[in-house]
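**Q** I'd like to ask some things about the structure below.
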Amino acid sequence: MGPAFETEVRVPWSQTCWTRAAAYVRLQTAAEVARALAIIKETGTNFSLRTTGHNPNAGFSSAGDTAVVLDLRGLASRELGADGIARVGAGNTFGEVYAWLAEHGRSAIGGRDQQVGVAGFLLGGGMGAFPNLYGFGADGIVNAEVVLADGRIVNANAQENPDLYRALKGGGSNFGTSGTVDLSIGIVTRFDLHTYPLIKTQYTINLYSPQDYVGIIDATVKVQEAMEKDPKIGSFTNFNAQFVAVGLLYADTPSERPSAFEPFWDLKSLITTACPTTEGTLLSLAQTMRHEETDGKRRICSITTRVSRELYEGIYQLYQEALKALPEGYVLHFTAQPVGTAAVQAGEDHGGNSLGLEKIPQCWWVFTCEWPNERADAPAESALSFLEEKVEALARERGLLLAYKCANFATGHQKVLRSYGAESLGRLRETAARYDPEGVFQRLQCGGFLLRDNV
Ligand SMILES: Cc1cc2nc3c(=O)[nH]c(=O)nc-3n(C[C@H](O)[C@H](O)[C@H](O)COP(=O)(O)OP(=O)(O)OC[C@H]3O[C@@H](n4cnc5c(N)ncnc54)[C@H](O)[C@@H]3O)c2cc1C
């Protein structure tokens, strides 16, 4: 195989996805996507969809040697309408979208890492820096151009195909009715996104000593409580073996640092300031939070709970247990991502999404294990299985477990669509049946969060 093929094999962010597909097909227009889909349908070829390959679940945006990968990065158009709507090809990254929009003095709601692709991020819901102010990424979609299995290129918005529009907002590319593999309703080739006047931000990233986990958890909860009153507040707390990284984010540039963050300024366990208080934009924040591209495998897991200091401390203790069992060379960390009532309300205000969230303060946890390719997968898998089982059990026991699992942070076996609740799942199923009655996607797409696994 030539160098272009080898480059394609190595696109995914996690080496768990560096499998060799039968072919990689680079597509640049919606018409080309429709043509590729027609050939796939005619020949009964298995396929996967890929933009940046940031999803670490094997088979989601990668494939083995009996299937093809449709590489959609060539769908890179960008157009800002006089109506303030940003029309962006599905192959863009949020770094590209932020930078381009900033030239026009505008912002759209995207990810906190500049390399993440527009398509997977938005279709999985999309956790940005300020969910309480703007809702999730998917809530900012005003229209999507979708190639359906029958080759039609349709628009999905509040007026045209409204059921498809709602389904796409968090329903992912991978949902369906039944079948042996899985079903996607269609391939999104362009997203039309709501924009705002350039969003100014102020952010600080501090590293604390994990020995002070009780104090750090207390401060994390206090900041989340403050979010209920001030939706401009965003934050994350990322627990590692040697340090705890805390991001204190504000969607404005006040002359004084917001008092809501005081619980963190008061902690004596500060090791260092990784990013001093900086005034910037969503782009500079995403550049600051850029993850180093290092070779290695990754596995992730999503759990959602209510807010509780005692629970968080219990989760930290379970993390310590999992750490102790891991051999050297494996990195295990987890992140608390606070979501407030206003974030869920924003979804409703934007016409509703598929996520089925409860309108209460909550924490979207993501557990991550990273390890070098040459080491065995089993210790990483068992660390994450341990955490998934024990954290859920602990939260359930205390009446603090929420059903929701975030597609963007979930491991392949998690029942993401079922976690949206019966009503949302039923709607997704009906929509899938209406837009792909032949079940082309369910027979032929390689991987994803499957409705057949979510019965
Ligand atoms: C370093 C890093 C930082 C991250 N930061 C955030 C964050 O801040 N917030 C957040 O919510 N998530 C975040 N994520 C998670 C990320 O949003 C998901 O991994 C997402 O699936 C990536 O989408 P992608 O298009 O970049 O990747 P891909 O792996 O190419 O695609 C992901 C999924 O989307 C499907 N898909 C891709 N393109 C299309 C299309 N055009 N039509 C239909 N289906 C399609 C694929 O089949 C695949 O299942 C982060 C991930 C990483 C690795």
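Each chain in the structure tokens gets a letter, A, B and so on, in the order shown; residues start at 1 in every chain, and ligands are counted from 1 in the order they appear.
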Any idea what's packed within 6 Å of region 336-347 of chain A, counting only C-alpha atoms, ignoring anything in its chain fewer than 6 positions away? Could you give it as a PyMOL selection string?
**A** chain A and resi 131-132+135+139+236-237+359-365
**Q** Could you write out that same residue set with N, CA and C atoms as a PDB file, in the first residue's frame?
**A**
ATOM      1  N   PRO A 131     -21.647  25.322  28.747  1.00  0.00           N
ATOM      2  CA  PRO A 131     -22.953  24.737  28.401  1.00  0.00           C
ATOM      3  C   PRO A 131     -24.139  25.474  29.030  1.00  0.00           C
ATOM      4  N   ASN A 132     -23.907  26.118  30.200  1.00  0.00           N
ATOM      5  CA  ASN A 132     -25.040  26.771  30.871  1.00  0.00           C
ATOM      6  C   ASN A 132     -25.483  28.040  30.164  1.00  0.00           C
ATOM      7  N   GLY A 135     -26.077  26.152  25.929  1.00  0.00           N
ATOM      8  CA  GLY A 135     -26.536  24.790  25.659  1.00  0.00           C
ATOM      9  C   GLY A 135     -25.379  23.970  25.110  1.00  0.00           C
ATOM     10  N   ASP A 139     -27.284  21.895  20.195  1.00  0.00           N
ATOM     11  CA  ASP A 139     -28.373  22.870  20.310  1.00  0.00           C
ATOM     12  C   ASP A 139     -28.150  24.068  19.381  1.00  0.00           C
ATOM     13  N   PHE A 236     -13.848  22.546  34.778  1.00  0.00           N
ATOM     14  CA  PHE A 236     -13.629  21.097  34.779  1.00  0.00           C
ATOM     15  C   PHE A 236     -12.592  20.778  35.842  1.00  0.00           C
ATOM     16  N   THR A 237     -12.680  19.579  36.405  1.00  0.00           N
ATOM     17  CA  THR A 237     -11.684  19.117  37.383  1.00  0.00           C
ATOM     18  C   THR A 237     -11.217  17.741  36.920  1.00  0.00           C
ATOM     19  N   LYS A 359     -33.633  18.002  34.082  1.00  0.00           N
ATOM     20  CA  LYS A 359     -33.305  19.423  34.259  1.00  0.00           C
ATOM     21  C   LYS A 359     -32.861  19.681  35.699  1.00  0.00           C
ATOM     22  N   ILE A 360     -31.684  19.187  36.034  1.00  0.00           N
ATOM     23  CA  ILE A 360     -31.124  19.361  37.388  1.00  0.00           C
ATOM     24  C   ILE A 360     -29.602  19.536  37.242  1.00  0.00           C
ATOM     25  N   PRO A 361     -28.957  20.102  38.272  1.00  0.00           N
ATOM     26  CA  PRO A 361     -27.495  20.162  38.232  1.00  0.00           C
ATOM     27  C   PRO A 361     -26.922  18.735  38.221  1.00  0.00           C
ATOM     28  N   GLN A 362     -25.932  18.502  37.422  1.00  0.00           N
ATOM     29  CA  GLN A 362     -25.400  17.138  37.271  1.00  0.00           C
ATOM     30  C   GLN A 362     -23.921  17.179  36.892  1.00  0.00           C
ATOM     31  N   CYS A 363     -23.301  16.026  36.986  1.00  0.00           N
ATOM     32  CA  CYS A 363     -21.885  15.954  36.614  1.00  0.00           C
ATOM     33  C   CYS A 363     -21.706  14.887  35.543  1.00  0.00           C
ATOM     34  N   TRP A 364     -21.123  15.273  34.427  1.00  0.00           N
ATOM     35  CA  TRP A 364     -20.809  14.324  33.352  1.00  0.00           C
ATOM     36  C   TRP A 364     -19.360  13.864  33.578  1.00  0.00           C
ATOM     37  N   TRP A 365     -19.219  12.653  34.105  1.00  0.00           N
ATOM     38  CA  TRP A 365     -17.885  12.124  34.369  1.00  0.00           C
ATOM     39  C   TRP A 365     -17.355  11.442  33.112  1.00  0.00           C
TER      40      TRP A 365
END
**Q** Could you list, as an NGL selection string, all protein and nucleic acid residues with an atom at most 6 Å from ligand 1, counting only C-alpha atoms and all ligand atoms?
**A** :A and (48-55 or 60-61 or 90 or 111-113 or 116-121 or 126-128 or 173 or 187-189 or 291 or 408-409 or 448)
**Q** Considering only strand (DSSP E or B) as DSSP defines it on the backbone, what residues of region 226-315 of chain A qualify? List them as an NGL selection string.
**A** :A and (233-239 or 244-250 or 270-281 or 297-306)
**Q** If you keep C-alpha atoms, can you produce a file of those selected residues as a tab-separated table (two decimals), in the first residue's frame?
**A**
chain	number	residue	atom	x	y	z
A	233	ILE	CA	-19.20	30.08	34.68
A	234	GLY	CA	-17.65	26.94	33.20
A	235	SER	CA	-15.17	24.54	34.80
A	236	PHE	CA	-13.63	21.10	34.78
A	237	THR	CA	-11.68	19.12	37.38
A	238	ASN	CA	-9.38	16.44	35.99
A	239	PHE	CA	-7.97	13.96	38.55
A	244	VAL	CA	-5.44	17.54	39.69
A	245	ALA	CA	-5.91	19.96	36.77
A	246	VAL	CA	-8.68	22.49	37.28
A	247	GLY	CA	-10.00	24.75	34.54
A	248	LEU	CA	-11.80	27.90	35.72
A	249	LEU	CA	-13.54	29.36	32.72
A	250	TYR	CA	-15.63	32.49	32.32
A	270	LEU	CA	-1.66	24.58	44.45
A	271	ILE	CA	1.33	22.96	42.74
A	272	THR	CA	1.57	25.34	39.82
A	273	THR	CA	-0.46	27.48	37.47
A	274	ALA	CA	-0.43	25.75	34.09
A	275	CYS	CA	-2.21	28.67	32.43
A	276	PRO	CA	-2.31	31.99	34.29
A	277	THR	CA	-5.54	33.98	34.10
A	278	THR	CA	-5.83	34.84	30.42
A	279	GLU	CA	-8.27	36.87	28.40
A	280	GLY	CA	-9.06	35.27	25.07
A	281	THR	CA	-11.68	33.64	22.93
A	297	LYS	CA	-4.23	3.60	22.86
A	298	ARG	CA	-7.17	5.14	24.68
A	299	ARG	CA	-10.34	3.88	26.25
A	300	ILE	CA	-13.03	6.06	27.78
A	301	CYS	CA	-16.22	5.63	29.78
A	302	SER	CA	-19.13	7.99	30.52
A	303	ILE	CA	-21.18	8.15	33.72
A	304	THR	CA	-23.56	10.90	34.88
A	305	THR	CA	-24.49	11.62	38.48
A	306	ARG	CA	-26.13	14.21	40.65
**Q** Step one, run DSSP on the backbone; step two, keep only residues of region 127-359 of chain A assigned to helix (DSSP H, G or I); then write them as a VMD selection string.
**A** chain A and resid 131 to 134 137 to 140 162 to 171 210 to 227 259 to 265 282 to 288 309 to 325 341 to 349
**Q** Go ahead and write the residues just picked, C-alpha atoms, as an mmCIF file, in the first residue's frame.
**A**
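Resulting contents of out_32.cif:
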data_model
loop_
_atom_site.group_PDB
_atom_site.id
_atom_site.type_symbol
_atom_site.label_atom_id
_atom_site.label_comp_id
_atom_site.auth_asym_id
_atom_site.auth_seq_id
_atom_site.Cartn_x
_atom_site.Cartn_y
_atom_site.Cartn_z
ATOM 1 C CA PRO A 131 -22.953 24.737 28.401
ATOM 2 C CA ASN A 132 -25.040 26.771 30.871
ATOM 3 C CA LEU A 133 -24.895 29.868 28.716
ATOM 4 C CA TYR A 134 -25.333 28.393 25.237
ATOM 5 C CA GLY A 137 -23.055 21.982 20.612
ATOM 6 C CA ALA A 138 -26.022 20.167 19.043
ATOM 7 C CA ASP A 139 -28.373 22.870 20.310
ATOM 8 C CA GLY A 140 -26.610 25.357 18.027
ATOM 9 C CA PRO A 162 -38.111 18.275 11.759
ATOM 10 C CA ASP A 163 -38.025 14.713 13.137
ATOM 11 C CA LEU A 164 -34.682 14.076 11.455
ATOM 12 C CA TYR A 165 -33.451 17.450 12.706
ATOM 13 C CA ARG A 166 -34.257 16.616 16.317
ATOM 14 C CA ALA A 167 -32.836 13.093 15.978
ATOM 15 C CA LEU A 168 -29.510 14.435 14.749
ATOM 16 C CA LYS A 169 -29.173 16.683 17.788
ATOM 17 C CA GLY A 170 -27.417 14.157 19.978
ATOM 18 C CA GLY A 171 -28.759 11.013 18.316
ATOM 19 C CA PRO A 210 -4.271 15.177 44.795
ATOM 20 C CA GLN A 211 -3.585 14.753 48.511
ATOM 21 C CA ASP A 212 -6.007 17.644 48.965
ATOM 22 C CA TYR A 213 -8.768 15.825 47.094
ATOM 23 C CA VAL A 214 -11.347 16.638 49.789
ATOM 24 C CA GLY A 215 -10.645 20.384 49.457
ATOM 25 C CA ILE A 216 -10.569 20.193 45.647
ATOM 26 C CA ILE A 217 -13.887 18.356 45.573
ATOM 27 C CA ASP A 218 -15.422 20.884 47.951
ATOM 28 C CA ALA A 219 -14.255 23.748 45.707
ATOM 29 C CA THR A 220 -15.522 21.903 42.590
ATOM 30 C CA VAL A 221 -18.980 21.562 44.122
ATOM 31 C CA LYS A 222 -19.014 25.206 45.270
ATOM 32 C CA VAL A 223 -18.176 26.374 41.740
ATOM 33 C CA GLN A 224 -20.939 24.189 40.359
ATOM 34 C CA GLU A 225 -23.397 25.642 42.858
ATOM 35 C CA ALA A 226 -22.387 29.142 41.722
ATOM 36 C CA MET A 227 -23.130 28.148 38.102
ATOM 37 C CA SER A 259 -15.589 35.596 43.033
ATOM 38 C CA ALA A 260 -17.215 32.211 42.287
ATOM 39 C CA PHE A 261 -13.699 30.801 41.778
ATOM 40 C CA GLU A 262 -12.466 31.909 45.215
ATOM 41 C CA PRO A 263 -12.793 28.394 46.718
ATOM 42 C CA PHE A 264 -9.946 27.400 44.387
ATOM 43 C CA TRP A 265 -7.790 30.508 45.008
ATOM 44 C CA LEU A 282 -13.063 30.140 22.419
ATOM 45 C CA LEU A 283 -10.215 29.636 19.930
ATOM 46 C CA SER A 284 -7.423 30.591 22.325
ATOM 47 C CA LEU A 285 -9.047 28.451 25.020
ATOM 48 C CA ALA A 286 -9.252 25.486 22.627
ATOM 49 C CA GLN A 287 -5.599 26.069 21.678
ATOM 50 C CA THR A 288 -4.626 26.120 25.346
ATOM 51 C CA ARG A 309 -19.365 15.916 47.805
ATOM 52 C CA GLU A 310 -19.644 12.510 49.497
ATOM 53 C CA LEU A 311 -20.226 10.747 46.197
ATOM 54 C CA TYR A 312 -17.306 12.563 44.538
ATOM 55 C CA GLU A 313 -15.029 11.541 47.424
ATOM 56 C CA GLY A 314 -16.237 7.948 47.033
ATOM 57 C CA ILE A 315 -15.476 8.094 43.312
ATOM 58 C CA TYR A 316 -11.991 9.382 44.066
ATOM 59 C CA GLN A 317 -11.392 6.457 46.442
ATOM 60 C CA LEU A 318 -12.544 3.971 43.790
ATOM 61 C CA TYR A 319 -10.154 5.670 41.360
ATOM 62 C CA GLN A 320 -7.317 5.124 43.840
ATOM 63 C CA GLU A 321 -8.221 1.426 44.016
ATOM 64 C CA ALA A 322 -8.199 1.156 40.217
ATOM 65 C CA LEU A 323 -4.850 2.995 40.062
ATOM 66 C CA LYS A 324 -3.248 0.595 42.527
ATOM 67 C CA ALA A 325 -4.254 -2.406 40.428
ATOM 68 C CA THR A 341 -30.022 23.357 34.939
ATOM 69 C CA ALA A 342 -29.612 26.193 32.427
ATOM 70 C CA ALA A 343 -27.720 23.916 30.013
ATOM 71 C CA VAL A 344 -30.650 21.526 29.813
ATOM 72 C CA GLN A 345 -33.102 24.424 29.544
ATOM 73 C CA ALA A 346 -31.072 25.863 26.645
ATOM 74 C CA GLY A 347 -31.655 22.611 24.728
ATOM 75 C CA GLU A 348 -35.420 23.040 25.148
ATOM 76 C CA ASP A 349 -35.192 26.704 24.159
#
**Q** Might you pull out every residue within 8 Å of Ala30 (chain A), with only C-alpha atoms counted and same-chain residues fewer than 6 positions away left off, and present them as a list of chain:residue names?
**A** A:Leu75, A:Val147, A:Ile153, A:Thr189
**Q** Could you tell me which of A:Arg106, A:Lys405, A:Arg290, A:Arg78 comes closest to Tyr420 (chain A) if we count only C-alpha atoms?
**A**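 Closest to Tyr420 (chain A) of all the choices is A:Lys405.
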**Q** CA of Trp13 (chain A) and CA of Thr294 (chain A) are how many Å apart?
**A**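 Straight-line distance from CA of Trp13 (chain A) to CA of Thr294 (chain A) works out to 8.4 Å.
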**Q** Name the closest residue to Ala129 (chain A) among the candidates A:Ile199, A:Ala36, A:Ala63, A:Ala58; distances are taken between atoms, counting only C-alpha atoms.
**A**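 Closest to Ala129 (chain A) of all the choices is A:Ile199.
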**Q** Identify, on the basis of only C-alpha atoms, every residue whose closest approach to region 23-28 of chain A does not exceed 10 Å; exclude the query and any residue fewer than 3 positions from it along the same chain; express the result as a PyMOL selection string.
**A** chain A and resi 4-5+8-9+20+31-36+47-50+62-77+89-91+189
**Q** Take the residues from that selection and put them in a file with C-alpha atoms, as a PDB file, in the first residue's frame.
**A**
ATOM      1  CA  ALA A   4      -1.562   7.849   1.468  1.00  0.00           C
ATOM      2  CA  PHE A   5      -3.061   4.561   2.647  1.00  0.00           C
ATOM      3  CA  GLU A   8      -5.140   7.078   6.597  1.00  0.00           C
ATOM      4  CA  VAL A   9      -4.536   4.043   8.851  1.00  0.00           C
ATOM      5  CA  ARG A  20      -6.346  -1.419   8.136  1.00  0.00           C
ATOM      6  CA  ALA A  31     -22.844  14.573  -4.449  1.00  0.00           C
ATOM      7  CA  GLU A  32     -19.699  12.455  -4.061  1.00  0.00           C
ATOM      8  CA  VAL A  33     -20.966  11.182  -0.723  1.00  0.00           C
ATOM      9  CA  ALA A  34     -24.287  10.226  -2.343  1.00  0.00           C
ATOM     10  CA  ARG A  35     -22.426   8.417  -5.167  1.00  0.00           C
ATOM     11  CA  ALA A  36     -20.208   6.544  -2.688  1.00  0.00           C
ATOM     12  CA  PHE A  47     -18.326   0.997   5.784  1.00  0.00           C
ATOM     13  CA  SER A  48     -17.441   3.503   8.498  1.00  0.00           C
ATOM     14  CA  LEU A  49     -17.650   7.297   8.513  1.00  0.00           C
ATOM     15  CA  ARG A  50     -14.704   9.395   9.585  1.00  0.00           C
ATOM     16  CA  SER A  62     -12.219   2.972  11.510  1.00  0.00           C
ATOM     17  CA  ALA A  63     -12.696  -0.407   9.855  1.00  0.00           C
ATOM     18  CA  GLY A  64     -11.061  -3.762   9.258  1.00  0.00           C
ATOM     19  CA  ASP A  65     -10.013  -5.188   5.912  1.00  0.00           C
ATOM     20  CA  THR A  66     -13.495  -6.179   4.791  1.00  0.00           C
ATOM     21  CA  ALA A  67     -14.874  -2.640   4.943  1.00  0.00           C
ATOM     22  CA  VAL A  68     -14.172   0.833   3.596  1.00  0.00           C
ATOM     23  CA  VAL A  69     -13.765   4.109   5.483  1.00  0.00           C
ATOM     24  CA  LEU A  70     -15.428   7.179   3.990  1.00  0.00           C
ATOM     25  CA  ASP A  71     -13.083  10.031   4.904  1.00  0.00           C
ATOM     26  CA  LEU A  72     -15.175  13.205   5.033  1.00  0.00           C
ATOM     27  CA  ARG A  73     -12.430  15.705   5.873  1.00  0.00           C
ATOM     28  CA  GLY A  74     -12.627  17.065   2.322  1.00  0.00           C
ATOM     29  CA  LEU A  75     -16.066  18.522   3.114  1.00  0.00           C
ATOM     30  CA  ALA A  76     -14.298  21.636   4.292  1.00  0.00           C
ATOM     31  CA  SER A  77     -16.504  24.466   3.017  1.00  0.00           C
ATOM     32  CA  GLY A  89     -18.754  21.388   5.883  1.00  0.00           C
ATOM     33  CA  ALA A  90     -18.783  18.308   8.111  1.00  0.00           C
ATOM     34  CA  GLY A  91     -15.031  17.872   7.602  1.00  0.00           C
ATOM     35  CA  THR A 189     -22.336  16.761   4.903  1.00  0.00           C
TER      36      THR A 189
END
**Q** Point out the residue among A:Gly172, A:Gly84, A:Gly421, A:Pro379 with the least atom-to-atom distance to Gly125 (chain A), counting only C-alpha atoms.
**A** A:Gly172
